[in-house]
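**Student:** Sending over a structure as structure tokens; questions will come in a sec.
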Amino acid sequence: MQSAKNFLDLEKTDLEAWCQDQGLPKFRAKQLYQWQSKGLDDFSALANLPLDLRTKLSETFWPGLPKIRQVQRSKLSESQKYLFAYPDGETIEAVLMFHHYGMSACLSSQIGCRMACRFCASTGLALKRNLSRGDLLGQFLALEDHAGQAISNLDLMGIGEPLDNYTEVLAFIRRLLAPDFRNFSVRRISLSTCGLIDKIYALAAEGLGLTLAISLHAPDQALREAIMPVAKNNPLPDLLEAADFYFEQTGRRVSYEYALFAGINDSLDQAKALAKLLTGRKCHVNLIPANAVEHSPFQATTPAQVQAFAKMLERQGINATVRRSLGQDIDAACGQLRRRNLLAGPAGK
Ligand code: SAH
């Protein structure tokens, strides 16, 4: 299906050019830019614009907020998971988490993923397309709109590999940070990657200083390669060197994500090996109690073993926290809701 151009894809300079083409005064571009930062699903609501301009906008653009297909609330109401649909019928997931300090959002960066991590719900569903900067912003604004609250913290940790969609993800981040747009604080943004080394160097050179999380999940190259095919071309020693470089450039401590899978990567010897690997590095380990994915050999480690693993890391002097596992009752693991939806029937085009 051919969709109208996403209004949120337009940068400030694009809005200025468009207004000039339409013979409109410059301040109209400024008004439109301000509207972009607020989230809007219907141009007719733009009360401060003349009717013919609103009509022209509706004829030319799609406002950019994806449709909410489904919302799942966790029993304790500390998180909410959304299934969003774009005009081309493609779906992605996003999660809101409510904390004492505010509301954090976990966004997807691609429709599908091509990294093929063996334990991930998105594996086998392939990469459909990248999300554009406007698609990403639309996700962000649709969440705020539905929750009636501003997002305080942003995690790029949903479906997809954000560094495999580098240009659009960075354009989205830069727009959020713009003082005359949302003036979002870069310190409140985390980006999680499976470890694309060249892109980590590129990110370090951006001079942004967002928190980099690296999905490690194994203490050695052989196991990492077995469960994460991306490791083959991004070997562990080089990855750690890139992460160290990121820290040196930005001063931001790198987080290593380690999901614990029973009998695969959760032994105490593996905890020791992980500690050895990370000793001397300014970093933090996030232990994730795994979400078992249906029909997968990857099963969750018992809570007792998660604690034992964490204790072993601490004993070896490694800073580790067990991530509070929010919303396990709402399929909050990466890609599970979308996967279930896709496998249940037609993709809802
Ligand atoms: N591509 C990025 C972000 C997407 S996944 C990355 O790899 O980091 C977000 C996090 O969830 C990653 O750490 C990923 O490895 C992890 N994850 C995927 N499947 C999981 C599962 N079944 N249980 C626990 N964590 C999982």
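Here, A, B, ... name the chains of the structure tokens in the order displayed, residue numbers run from 1 inside each chain, and ligands are numbered from 1 in the same displayed order.
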For the contact check between chain A and ligand 1, emit one row per residue of chain A within 8 Å, containing the shortest atom pair and the distance in Å rounded to one decimal, counting only C-alpha atoms and all ligand atoms, chain then rising number order, as a tab-separated table.

**Tutor:**
residue	atom	partner	partner_atom_place_in_ligand_line	distance
A:Ser108	CA	ligand 1	4 (C)	7.7
A:Cys113	CA	ligand 1	1 (N)	7.7
A:Met115	CA	ligand 1	1 (N)	7.4
A:Cys117	CA	ligand 1	15 (O)	7.3
A:Phe119	CA	ligand 1	22 (N)	5.1
A:Cys120	CA	ligand 1	19 (N)	3.6
A:Ala121	CA	ligand 1	19 (N)	6.0
A:Ser122	CA	ligand 1	19 (N)	7.9
A:Leu156	CA	ligand 1	3 (C)	6.8
A:Met157	CA	ligand 1	3 (C)	4.2
A:Gly158	CA	ligand 1	4 (C)	4.9
A:Ile159	CA	ligand 1	4 (C)	5.3
A:Gly160	CA	ligand 1	1 (N)	5.1
A:Glu161	CA	ligand 1	1 (N)	3.6
A:Pro162	CA	ligand 1	1 (N)	6.3
A:Leu163	CA	ligand 1	1 (N)	8.0
A:Leu191	CA	ligand 1	3 (C)	7.6
A:Ser192	CA	ligand 1	8 (O)	4.0
A:Thr193	CA	ligand 1	8 (O)	3.6
A:Cys194	CA	ligand 1	7 (O)	3.6
A:Gly195	CA	ligand 1	7 (O)	7.3
A:Ala213	CA	ligand 1	8 (O)	6.9
A:Ile214	CA	ligand 1	8 (O)	5.9
A:Ser215	CA	ligand 1	13 (O)	4.4
A:Leu216	CA	ligand 1	13 (O)	7.5
A:His217	CA	ligand 1	15 (O)	7.1
A:Glu257	CA	ligand 1	13 (O)	5.4
A:Tyr258	CA	ligand 1	13 (O)	6.9
A:Ala259	CA	ligand 1	24 (C)	5.0
A:Leu260	CA	ligand 1	24 (C)	7.3
A:Phe261	CA	ligand 1	23 (N)	7.9
A:Ile288	CA	ligand 1	24 (C)	6.0
A:Pro289	CA	ligand 1	24 (C)	6.4
A:Ala290	CA	ligand 1	23 (N)	3.6
A:Asn291	CA	ligand 1	23 (N)	4.0
A:Ala292	CA	ligand 1	22 (N)	5.3
A:Val293	CA	ligand 1	22 (N)	5.6
A:Phe298	CA	ligand 1	22 (N)	7.3
A:Ala300	CA	ligand 1	23 (N)	7.8
A:Ala333	CA	ligand 1	21 (C)	5.9
A:Cys334	CA	ligand 1	18 (C)	5.5
A:Gly335	CA	ligand 1	19 (N)	7.9

**Student:** Near Leu46 of chain A, counting only C-alpha atoms, which residues have an atom at most 9 Å away, once you skip same-chain residues fewer than 6 positions from it, shown as number ranges by chain?

**Tutor:** A: 35, 40, 54

**Student:** Quick one: pull the distance between atom CA of Thr167 of chain A and atom CA of Phe181 of chain A, Å, one decimal.

**Tutor:**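 One can read the atom CA of Thr167 of chain A to atom CA of Phe181 of chain A distance as 18.9 Å.
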
**Student:** Using only C-alpha atoms, which residue out of A:Leu313, A:Leu15, A:Val254, A:Leu51 lies closest to Leu274 of chain A?

**Tutor:** A:Leu313

**Student:** Return as a VMD selection string the full set of residues in segment 93-288 of chain A whose backbone-based DSSP assignment is helix (DSSP H, G or I).

**Tutor:** chain A and resid 133 to 147 162 to 177 186 to 188 197 to 205 221 to 227 229 to 232 236 to 250 268 to 278

**Student:** Report, in Å to a single decimal, how far apart atom CA of Leu240 of chain A and atom CA of Leu277 of chain A are.

**Tutor:**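 Going from atom CA of Leu277 of chain A over to atom CA of Leu240 of chain A covers 8.9 Å.
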
**Student:** Find the residues near segment 143-145 of chain A: any atom within 9 Å, counting only C-alpha atoms, skip ones fewer than 2 places away on the same chain, and give them as a list in words.

**Tutor:**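 Listed by chain and then number, they are Lys38, Gly39, Leu40, Tyr82, Ala94, Val95, Leu96, Ala105, Gly138, Gln139, Phe140, Leu141, Ala147, Gly148, Gln149, Ala150 and Ile151 of chain A.
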
**Student:** Run DSSP on the backbone and tell me which residues of segment 95-283 of chain A come out as strand (DSSP E or B); list them as a PyMOL selection string.

**Tutor:** chain A and resi 95-99+102-107+110-112+127-130+153-156+189-193+211-215+254-261+283

**Student:** If you keep N, CA and C atoms, can you produce a file of those selected residues as a short mmCIF file (atom, residue, chain, number, x, y, z; two decimals), in the first residue's frame?

**Tutor:**
data_model
loop_
_atom_site.label_atom_id
_atom_site.label_comp_id
_atom_site.auth_asym_id
_atom_site.auth_seq_id
_atom_site.Cartn_x
_atom_site.Cartn_y
_atom_site.Cartn_z
N VAL A 95 6.95 -0.17 24.99
CA VAL A 95 6.55 -0.39 26.38
C VAL A 95 6.72 0.90 27.17
N LEU A 96 5.75 1.17 28.03
CA LEU A 96 5.88 2.26 29.00
C LEU A 96 6.07 1.65 30.37
N MET A 97 6.98 2.22 31.14
CA MET A 97 7.18 1.76 32.51
C MET A 97 7.04 2.95 33.44
N PHE A 98 6.28 2.76 34.50
CA PHE A 98 6.01 3.86 35.43
C PHE A 98 6.88 3.69 36.67
N HIS A 99 7.75 4.67 36.90
CA HIS A 99 8.66 4.63 38.04
C HIS A 99 8.36 5.81 38.95
N GLY A 102 9.45 8.99 37.17
CA GLY A 102 8.84 9.40 35.91
C GLY A 102 8.41 8.20 35.08
N MET A 103 8.24 8.46 33.80
CA MET A 103 7.73 7.41 32.90
C MET A 103 8.80 7.13 31.84
N SER A 104 9.22 5.89 31.75
CA SER A 104 10.21 5.59 30.73
C SER A 104 9.55 4.80 29.60
N ALA A 105 10.08 5.03 28.41
CA ALA A 105 9.53 4.37 27.23
C ALA A 105 10.61 3.53 26.58
N CYS A 106 10.23 2.34 26.18
CA CYS A 106 11.13 1.48 25.43
C CYS A 106 10.58 1.38 24.01
N LEU A 107 11.34 1.89 23.05
CA LEU A 107 10.86 1.94 21.67
C LEU A 107 11.53 0.89 20.79
N GLN A 110 13.27 -0.97 14.53
CA GLN A 110 13.06 -1.52 13.19
C GLN A 110 11.81 -2.38 13.21
N ILE A 111 11.23 -2.61 12.03
CA ILE A 111 10.14 -3.56 11.93
C ILE A 111 10.78 -4.90 11.62
N GLY A 112 10.89 -5.71 12.65
CA GLY A 112 11.64 -6.96 12.54
C GLY A 112 13.11 -6.71 12.84
N LEU A 127 13.63 -8.95 8.78
CA LEU A 127 13.54 -7.48 8.82
C LEU A 127 12.59 -7.05 7.71
N LYS A 128 11.52 -6.37 8.10
CA LYS A 128 10.57 -5.87 7.10
C LYS A 128 11.04 -4.53 6.55
N ARG A 129 11.33 -3.62 7.45
CA ARG A 129 11.90 -2.33 7.03
C ARG A 129 12.40 -1.58 8.25
N ASN A 130 13.18 -0.55 7.97
CA ASN A 130 13.61 0.33 9.05
C ASN A 130 12.47 1.25 9.44
N ASN A 153 12.32 9.20 30.38
CA ASN A 153 13.50 8.40 30.03
C ASN A 153 13.20 7.55 28.81
N LEU A 154 14.19 7.45 27.97
CA LEU A 154 13.97 6.74 26.71
C LEU A 154 14.99 5.62 26.53
N ASP A 155 14.48 4.41 26.25
CA ASP A 155 15.36 3.28 25.96
C ASP A 155 15.10 2.81 24.54
N LEU A 156 16.15 2.71 23.75
CA LEU A 156 16.01 2.11 22.43
C LEU A 156 16.40 0.65 22.57
N ILE A 189 18.77 8.98 27.83
CA ILE A 189 18.56 8.07 26.70
C ILE A 189 19.56 6.91 26.79
N SER A 190 19.06 5.69 26.61
CA SER A 190 19.92 4.51 26.50
C SER A 190 19.67 3.81 25.19
N LEU A 191 20.72 3.31 24.63
CA LEU A 191 20.60 2.59 23.37
C LEU A 191 21.24 1.22 23.56
N SER A 192 20.50 0.18 23.20
CA SER A 192 21.01 -1.18 23.39
C SER A 192 21.36 -1.80 22.04
N THR A 193 22.57 -2.34 21.96
CA THR A 193 23.01 -2.94 20.70
C THR A 193 23.54 -4.36 20.93
N THR A 211 23.71 6.72 27.01
CA THR A 211 24.17 5.48 27.63
C THR A 211 24.13 4.35 26.62
N LEU A 212 25.27 3.68 26.50
CA LEU A 212 25.36 2.56 25.58
C LEU A 212 25.22 1.26 26.37
N ALA A 213 24.28 0.43 25.95
CA ALA A 213 24.13 -0.89 26.56
C ALA A 213 24.52 -1.92 25.50
N ILE A 214 25.35 -2.86 25.88
CA ILE A 214 25.77 -3.88 24.93
C ILE A 214 25.23 -5.23 25.37
N SER A 215 24.51 -5.88 24.47
CA SER A 215 23.96 -7.20 24.78
C SER A 215 25.07 -8.22 24.65
N VAL A 254 29.68 2.07 30.29
CA VAL A 254 28.92 1.17 29.41
C VAL A 254 28.19 0.12 30.25
N SER A 255 26.97 -0.22 29.85
CA SER A 255 26.23 -1.30 30.52
C SER A 255 26.34 -2.56 29.69
N TYR A 256 26.59 -3.65 30.32
CA TYR A 256 26.55 -4.94 29.61
C TYR A 256 25.30 -5.68 30.03
N GLU A 257 24.51 -6.05 29.03
CA GLU A 257 23.29 -6.80 29.30
C GLU A 257 23.62 -8.29 29.23
N TYR A 258 23.12 -9.01 30.20
CA TYR A 258 23.41 -10.45 30.23
C TYR A 258 22.13 -11.15 30.65
N ALA A 259 21.42 -11.74 29.68
CA ALA A 259 20.20 -12.49 29.97
C ALA A 259 20.60 -13.91 30.35
N LEU A 260 20.04 -14.38 31.44
CA LEU A 260 20.46 -15.70 31.94
C LEU A 260 19.54 -16.81 31.44
N PHE A 261 20.13 -17.75 30.73
CA PHE A 261 19.39 -18.89 30.19
C PHE A 261 19.89 -20.17 30.85
N CYS A 283 32.38 -0.27 33.91
CA CYS A 283 31.14 -0.77 33.31
C CYS A 283 30.20 -1.25 34.39
#

**Student:** For Leu170 of chain A, which of A:Ala205, A:Arg133, A:Ser185, A:Ile68 is the closest residue, counting only C-alpha atoms?

**Tutor:**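 Answer, going by the shortest atom-to-atom distance: A:Arg133.
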
**Student:** Excluding Phe27 of chain A and its own-chain neighbours fewer than 3 positions away, which residues fall within 12 Å of it when counting only C-alpha atoms? Please give them as an NGL selection string.

**Tutor:** :A and (12 or 15-16 or 19-20 or 23-24 or 30-34 or 48-49)

**Student:** Restricting the calculation to only C-alpha atoms, which member of A:Leu10, A:Ala310, A:Met228, A:Ala202 is positioned closest to Phe61 of chain A?

**Tutor:** A:Leu10

**Student:** Separation of atom CA of Asp42 of chain A and atom CA of Gly134 of chain A, in Å?

**Tutor:**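 We find that atom CA of Asp42 of chain A and atom CA of Gly134 of chain A lie 15.5 Å from each other.
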
**Student:** Applying 12 Å and only C-alpha atoms, which residues near Ala242 of chain A remain after dropping the ones on its own chain fewer than 3 positions away? List them as a list in words.

**Tutor:**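 Neighbouring residues, sequence-local ones excluded: Gly195, Leu196, Ile197, Asp198, Lys199, Ile200, Tyr201, Ala202, Leu203, Ala204, Ala205, Leu212, Ile214, Asn234, Pro235, Leu236, Pro237, Asp238, Leu239, Phe245, Tyr246, Phe247, Glu248, Gln249, Val254 and Arg281 of chain A.
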
**Student:** Considering only C-alpha atoms, can you say which of A:Lys5, A:Arg69, A:Arg182, A:Arg315 comes closest to Lys276 of chain A?

**Tutor:** A:Arg315
